[in-house]
Amino acid sequence: MPVSIAASSRAISDPAPIDLSDASFVSDEELRIPVGVNLTLLGASETDVPGEEATEPFLSRVNFPLLASSVGAAEHGNVDLVTLDRDFHIKAARPPRSGALDGVSTAGKLGVGHSLRMCAEIPSDPAYIRTAVQELANTQLHTAALMITLQELDDYRDFLKAAEEARASGIELWLLATNPEVTAAHADFSVQLFDAVRVRTTDKAKARAMRFALHAAADRAQRAITVFADIGIVISATVQAAEERALLISQLNGTELFQDMAAVVGTVYDVADAIESWVGMGAADGVVLTPASLPTDLASVIKGVLPLLEARATIERSDPRLKP
């Protein structure tokens, strides 16, 4: 169920570059936006489960009951979609290619009986798209999507055919865009191939330009496309506590958190502010939140962030500037 936010009609409709800190952009329009949660972290892992009190130091095999309960909680908490990225695996020791469709098979099992959309990332290969479509076609998912990353855009005919076959089976194809400028330059191609784009960048202005390019191309092609902003999150009661937890998780993982993607380390208010900023200023149509730890951050999203956004929209609704 999409969440309500207040946005600037000028910012979301005018493609001209804007100063994202310009106070003259007032919230005068209410939007209903889709919010997704990335549950990849609940896959099997050979490292410690970051930020959680686990009975075992690592998950050699995915904990399906925990994953299923998280999907159920997300649905009841008004989350619209769940994603499983390429790093998601059923068994920790599997070679990358042998576990390439683990997200697809897991989504097929978890999504049955749920109304939210299940999205799984797969290798960028038409053969994998067709195999994944066949596997999902045998399930009873309400809605499903496959996500790929494209580096080369020279020969896309086989991809286009595979995308059309997926749509004929009721399955969407998404793009994970890590270079919004390249995606914007190939907007006409992108809207033919993809139903949604999930942009992973720290540059809000470039994401905004990409979104407008995609929407303009979609209008020309008489299609619709949704742009999601990927936002990493670490949520605690205070900013200091969130920063300390983020540092701990980073040390446990041995890598920097949320490299090359937008991120919020703070309170539920900070995350709500970020969502309103990305969508309300025209850089995205919705968001996919990537928690640094689960189920801690998922609970904060469901019990804190989404209700807060709805409460803010309710207050804004009484503002005479807001369009009916």
# chains A, B, ... in the order shown; residues from 1 in each chain; ligands from 1
call {"tool": "select_by_dssp", "arguments": {"residues": "range 90-303 of chain A", "states": "strand (DSSP E or B)", "output": "ChimeraX atom specification"}}
result
/A:91,117-121,144-148,171-177,196-199,226-235,262-266,286-291
call {"tool": "write_last_selection", "arguments": {"atoms": "C-alpha atoms", "output": "short mmCIF file (atom, residue, chain, number, x, y, z; two decimals), in the first residue's frame"}}
result
data_model
loop_
_atom_site.label_atom_id
_atom_site.label_comp_id
_atom_site.auth_asym_id
_atom_site.auth_seq_id
_atom_site.Cartn_x
_atom_site.Cartn_y
_atom_site.Cartn_z
CA LYS A 91 23.70 -21.68 1.04
CA ARG A 117 5.68 -7.35 -5.23
CA MET A 118 8.70 -9.67 -5.08
CA CYS A 119 11.79 -8.58 -7.03
CA ALA A 120 14.91 -10.71 -7.53
CA GLU A 121 18.17 -9.67 -9.18
CA ALA A 144 6.94 -10.41 -9.61
CA ALA A 145 9.90 -8.59 -11.10
CA LEU A 146 13.39 -9.50 -12.29
CA MET A 147 16.22 -6.99 -12.03
CA ILE A 148 19.41 -6.81 -14.08
CA ILE A 171 6.60 -10.53 -14.88
CA GLU A 172 8.28 -7.12 -14.92
CA LEU A 173 11.91 -6.43 -15.85
CA TRP A 174 13.80 -3.82 -13.82
CA LEU A 175 17.12 -2.07 -14.31
CA LEU A 176 19.59 -1.45 -11.50
CA ALA A 177 21.16 1.81 -12.69
CA ALA A 196 11.11 0.21 -13.49
CA VAL A 197 14.57 1.58 -12.76
CA ARG A 198 16.23 1.35 -9.38
CA VAL A 199 18.95 4.03 -9.24
CA THR A 226 8.80 3.96 -12.13
CA VAL A 227 12.10 5.23 -10.75
CA PHE A 228 13.15 3.99 -7.30
CA ALA A 229 15.98 5.55 -5.31
CA ASP A 230 18.15 3.04 -3.45
CA ILE A 231 18.77 4.34 0.10
CA GLY A 232 20.87 2.54 2.71
CA ILE A 233 19.69 2.97 6.30
CA VAL A 234 20.95 2.57 9.85
CA ILE A 235 18.26 3.64 12.34
CA ALA A 262 22.61 7.25 -0.92
CA ALA A 263 22.50 6.50 2.79
CA VAL A 264 20.98 7.75 6.03
CA VAL A 265 22.52 7.03 9.42
CA GLY A 266 20.26 8.51 12.05
CA GLY A 286 9.59 5.78 -4.83
CA VAL A 287 12.35 4.29 -2.69
CA VAL A 288 13.94 0.94 -1.90
CA LEU A 289 15.41 0.95 1.60
CA THR A 290 18.47 -1.24 2.21
CA PRO A 291 18.88 -1.92 5.96
#
call {"tool": "atom_distance", "arguments": {"atom1": "CA of Leu150 in chain A", "atom2": "CA of Ala162 in chain A"}}
result
14.1 Å
call {"tool": "closest_atom_pairs", "arguments": {"of": "range 206-249 of chain A", "to": "range 11-33 of chain A", "cutoff": "9 Å", "atoms": "only C-alpha atoms", "output": "JSON lines"}}
result
{"residue": "A:Arg208", "atom": "CA", "partner": "A:Pro15", "partner_atom": "CA", "distance": 8.0}
{"residue": "A:Ala209", "atom": "CA", "partner": "A:Pro15", "partner_atom": "CA", "distance": 7.0}
{"residue": "A:Arg211", "atom": "CA", "partner": "A:Pro15", "partner_atom": "CA", "distance": 9.0}
{"residue": "A:Phe212", "atom": "CA", "partner": "A:Pro15", "partner_atom": "CA", "distance": 5.9}
{"residue": "A:Ala213", "atom": "CA", "partner": "A:Pro15", "partner_atom": "CA", "distance": 8.4}
call {"tool": "select_by_dssp", "arguments": {"residues": "range 146-242 of chain A", "states": "helix (DSSP H, G or I)", "output": "ChimeraX atom specification"}}
result
/A:157-168,180-185,187-193,204-220,239-242
call {"tool": "closest_residue", "arguments": {"among": "A:Thr296, A:Ser277, A:Asn138, A:Asn63", "to": "Leu309 in chain A", "atoms": "only C-alpha atoms"}}
result
A:Ser277
call {"tool": "residues_around", "arguments": {"residues": "Leu84 in chain A", "least_positions_apart": "4", "cutoff": "6 Å", "atoms": "only C-alpha atoms", "output": "number ranges by chain"}}
result
A: 39-40, 103, 120
call {"tool": "closest_residue", "arguments": {"among": "A:Ala73, A:Val271, A:Leu141, A:Ala313", "to": "Ser105 in chain A", "atoms": "only C-alpha atoms"}}
result
A:Leu141
call {"tool": "atom_distance", "arguments": {"atom1": "CA of Arg223 in chain A", "atom2": "CA of Glu164 in chain A"}}
result
13.3 Å
call {"tool": "closest_residue", "arguments": {"among": "A:Val112, A:Leu257, A:Val37, A:Thr178", "to": "Gly77 in chain A", "atoms": "only C-alpha atoms"}}
result
A:Val37
call {"tool": "closest_residue", "arguments": {"among": "A:Gln134, A:Asn179, A:Ser293, A:Ser60", "to": "Leu248 in chain A", "atoms": "only C-alpha atoms"}}
result
A:Ser293
call {"tool": "closest_residue", "arguments": {"among": "A:Ala221, A:Ala311, A:Val62, A:Ala127", "to": "Phe159 in chain A", "atoms": "only C-alpha atoms"}}
result
A:Ala127
call {"tool": "closest_residue", "arguments": {"among": "A:Gln259, A:Ser9, A:Ser70, A:Ser45", "to": "Pro295 in chain A", "atoms": "only C-alpha atoms"}}
result
A:Ser70
call {"tool": "decode", "arguments": {"residues": "range 3-44 of chain A", "atoms": "N, CA and C atoms", "output": "mmCIF file, in the first residue's frame"}}
result
data_model
loop_
_atom_site.group_PDB
_atom_site.id
_atom_site.type_symbol
_atom_site.label_atom_id
_atom_site.label_comp_id
_atom_site.auth_asym_id
_atom_site.auth_seq_id
_atom_site.Cartn_x
_atom_site.Cartn_y
_atom_site.Cartn_z
ATOM 1 N N VAL A 3 2.584 4.842 0.458
ATOM 2 C CA VAL A 3 2.544 5.782 1.560
ATOM 3 C C VAL A 3 2.384 7.195 1.013
ATOM 4 N N SER A 4 1.778 8.082 1.776
ATOM 5 C CA SER A 4 1.565 9.464 1.352
ATOM 6 C C SER A 4 2.715 10.350 1.799
ATOM 7 N N ILE A 5 3.142 11.242 0.915
ATOM 8 C CA ILE A 5 4.070 12.295 1.296
ATOM 9 C C ILE A 5 3.618 13.591 0.624
ATOM 10 N N ALA A 6 4.067 14.713 1.164
ATOM 11 C CA ALA A 6 3.794 16.007 0.547
ATOM 12 C C ALA A 6 5.009 16.384 -0.299
ATOM 13 N N ALA A 7 4.753 16.896 -1.505
ATOM 14 C CA ALA A 7 5.835 17.197 -2.438
ATOM 15 C C ALA A 7 5.629 18.557 -3.082
ATOM 16 N N SER A 8 6.669 19.028 -3.732
ATOM 17 C CA SER A 8 6.602 20.276 -4.488
ATOM 18 C C SER A 8 6.175 19.960 -5.915
ATOM 19 N N SER A 9 5.004 20.438 -6.330
ATOM 20 C CA SER A 9 4.523 20.180 -7.692
ATOM 21 C C SER A 9 5.480 20.757 -8.723
ATOM 22 N N ARG A 10 6.093 21.867 -8.395
ATOM 23 C CA ARG A 10 7.065 22.490 -9.293
ATOM 24 C C ARG A 10 8.293 21.598 -9.472
ATOM 25 N N ALA A 11 8.785 21.030 -8.371
ATOM 26 C CA ALA A 11 9.993 20.211 -8.433
ATOM 27 C C ALA A 11 9.765 18.901 -9.168
ATOM 28 N N ILE A 12 8.587 18.289 -9.006
ATOM 29 C CA ILE A 12 8.361 16.986 -9.612
ATOM 30 C C ILE A 12 7.893 17.070 -11.060
ATOM 31 N N SER A 13 7.574 18.278 -11.535
ATOM 32 C CA SER A 13 7.072 18.410 -12.898
ATOM 33 C C SER A 13 7.975 19.214 -13.825
ATOM 34 N N ASP A 14 8.875 20.023 -13.281
ATOM 35 C CA ASP A 14 9.747 20.872 -14.089
ATOM 36 C C ASP A 14 11.131 20.231 -14.192
ATOM 37 N N PRO A 15 11.546 19.802 -15.406
ATOM 38 C CA PRO A 15 12.836 19.120 -15.550
ATOM 39 C C PRO A 15 14.055 20.035 -15.443
ATOM 40 N N ALA A 16 13.857 21.344 -15.399
ATOM 41 C CA ALA A 16 14.993 22.261 -15.301
ATOM 42 C C ALA A 16 15.766 21.996 -14.011
ATOM 43 N N PRO A 17 17.094 22.072 -14.048
ATOM 44 C CA PRO A 17 17.898 21.870 -12.833
ATOM 45 C C PRO A 17 17.472 22.840 -11.731
ATOM 46 N N ILE A 18 17.470 22.351 -10.509
ATOM 47 C CA ILE A 18 17.048 23.185 -9.389
ATOM 48 C C ILE A 18 18.059 23.070 -8.256
ATOM 49 N N ASP A 19 18.012 24.044 -7.372
ATOM 50 C CA ASP A 19 18.795 23.998 -6.148
ATOM 51 C C ASP A 19 17.976 23.215 -5.120
ATOM 52 N N LEU A 20 18.439 22.005 -4.794
ATOM 53 C CA LEU A 20 17.658 21.136 -3.929
ATOM 54 C C LEU A 20 17.491 21.698 -2.519
ATOM 55 N N SER A 21 18.252 22.729 -2.173
ATOM 56 C CA SER A 21 18.101 23.342 -0.855
ATOM 57 C C SER A 21 17.290 24.630 -0.906
ATOM 58 N N ASP A 22 16.735 24.954 -2.078
ATOM 59 C CA ASP A 22 15.976 26.182 -2.257
ATOM 60 C C ASP A 22 14.676 26.121 -1.458
ATOM 61 N N ALA A 23 14.528 27.017 -0.512
ATOM 62 C CA ALA A 23 13.351 27.025 0.371
ATOM 63 C C ALA A 23 12.076 27.450 -0.345
ATOM 64 N N SER A 24 12.201 27.976 -1.576
ATOM 65 C CA SER A 24 11.002 28.417 -2.296
ATOM 66 C C SER A 24 10.194 27.246 -2.846
ATOM 67 N N PHE A 25 10.768 26.048 -2.826
ATOM 68 C CA PHE A 25 10.028 24.875 -3.280
ATOM 69 C C PHE A 25 9.168 24.366 -2.130
ATOM 70 N N VAL A 26 7.927 24.805 -2.102
ATOM 71 C CA VAL A 26 7.038 24.438 -1.005
ATOM 72 C C VAL A 26 6.297 23.150 -1.335
ATOM 73 N N SER A 27 5.898 22.430 -0.295
ATOM 74 C CA SER A 27 5.129 21.196 -0.469
ATOM 75 C C SER A 27 3.671 21.548 -0.701
ATOM 76 N N ASP A 28 3.231 21.431 -1.954
ATOM 77 C CA ASP A 28 1.867 21.820 -2.296
ATOM 78 C C ASP A 28 1.098 20.716 -3.007
ATOM 79 N N GLU A 29 1.643 19.492 -3.000
ATOM 80 C CA GLU A 29 0.958 18.383 -3.664
ATOM 81 C C GLU A 29 1.202 17.096 -2.887
ATOM 82 N N GLU A 30 0.147 16.298 -2.751
ATOM 83 C CA GLU A 30 0.267 15.028 -2.041
ATOM 84 C C GLU A 30 0.519 13.900 -3.038
ATOM 85 N N LEU A 31 1.530 13.079 -2.753
ATOM 86 C CA LEU A 31 1.866 11.952 -3.604
ATOM 87 C C LEU A 31 1.673 10.645 -2.844
ATOM 88 N N ARG A 32 1.296 9.603 -3.574
ATOM 89 C CA ARG A 32 1.273 8.251 -3.023
ATOM 90 C C ARG A 32 2.442 7.514 -3.645
ATOM 91 N N ILE A 33 3.406 7.117 -2.835
ATOM 92 C CA ILE A 33 4.640 6.559 -3.379
ATOM 93 C C ILE A 33 4.861 5.123 -2.905
ATOM 94 N N PRO A 34 5.436 4.269 -3.750
ATOM 95 C CA PRO A 34 5.769 2.906 -3.335
ATOM 96 C C PRO A 34 7.070 2.880 -2.543
ATOM 97 N N VAL A 35 7.094 2.068 -1.504
ATOM 98 C CA VAL A 35 8.287 1.902 -0.672
ATOM 99 C C VAL A 35 8.644 0.421 -0.628
ATOM 100 N N GLY A 36 9.893 0.124 -0.948
ATOM 101 C CA GLY A 36 10.367 -1.251 -0.911
ATOM 102 C C GLY A 36 11.445 -1.436 0.138
ATOM 103 N N VAL A 37 11.675 -2.695 0.517
ATOM 104 C CA VAL A 37 12.719 -3.031 1.484
ATOM 105 C C VAL A 37 13.575 -4.157 0.907
ATOM 106 N N ASN A 38 14.875 -3.980 0.986
ATOM 107 C CA ASN A 38 15.827 -4.967 0.498
ATOM 108 C C ASN A 38 16.150 -5.944 1.632
ATOM 109 N N LEU A 39 15.775 -7.220 1.461
ATOM 110 C CA LEU A 39 15.992 -8.227 2.494
ATOM 111 C C LEU A 39 17.155 -9.160 2.168
ATOM 112 N N THR A 40 18.049 -8.739 1.285
ATOM 113 C CA THR A 40 19.183 -9.564 0.880
ATOM 114 C C THR A 40 20.018 -10.014 2.071
ATOM 115 N N LEU A 41 20.111 -9.161 3.079
ATOM 116 C CA LEU A 41 20.958 -9.437 4.236
ATOM 117 C C LEU A 41 20.522 -10.691 4.989
ATOM 118 N N LEU A 42 19.294 -11.146 4.785
ATOM 119 C CA LEU A 42 18.801 -12.332 5.478
ATOM 120 C C LEU A 42 19.190 -13.615 4.764
ATOM 121 N N GLY A 43 19.965 -13.512 3.702
ATOM 122 C CA GLY A 43 20.461 -14.701 3.020
ATOM 123 C C GLY A 43 21.584 -15.355 3.806
ATOM 124 N N ALA A 44 22.050 -16.504 3.316
ATOM 125 C CA ALA A 44 23.139 -17.218 3.970
ATOM 126 C C ALA A 44 24.417 -16.398 3.903
#
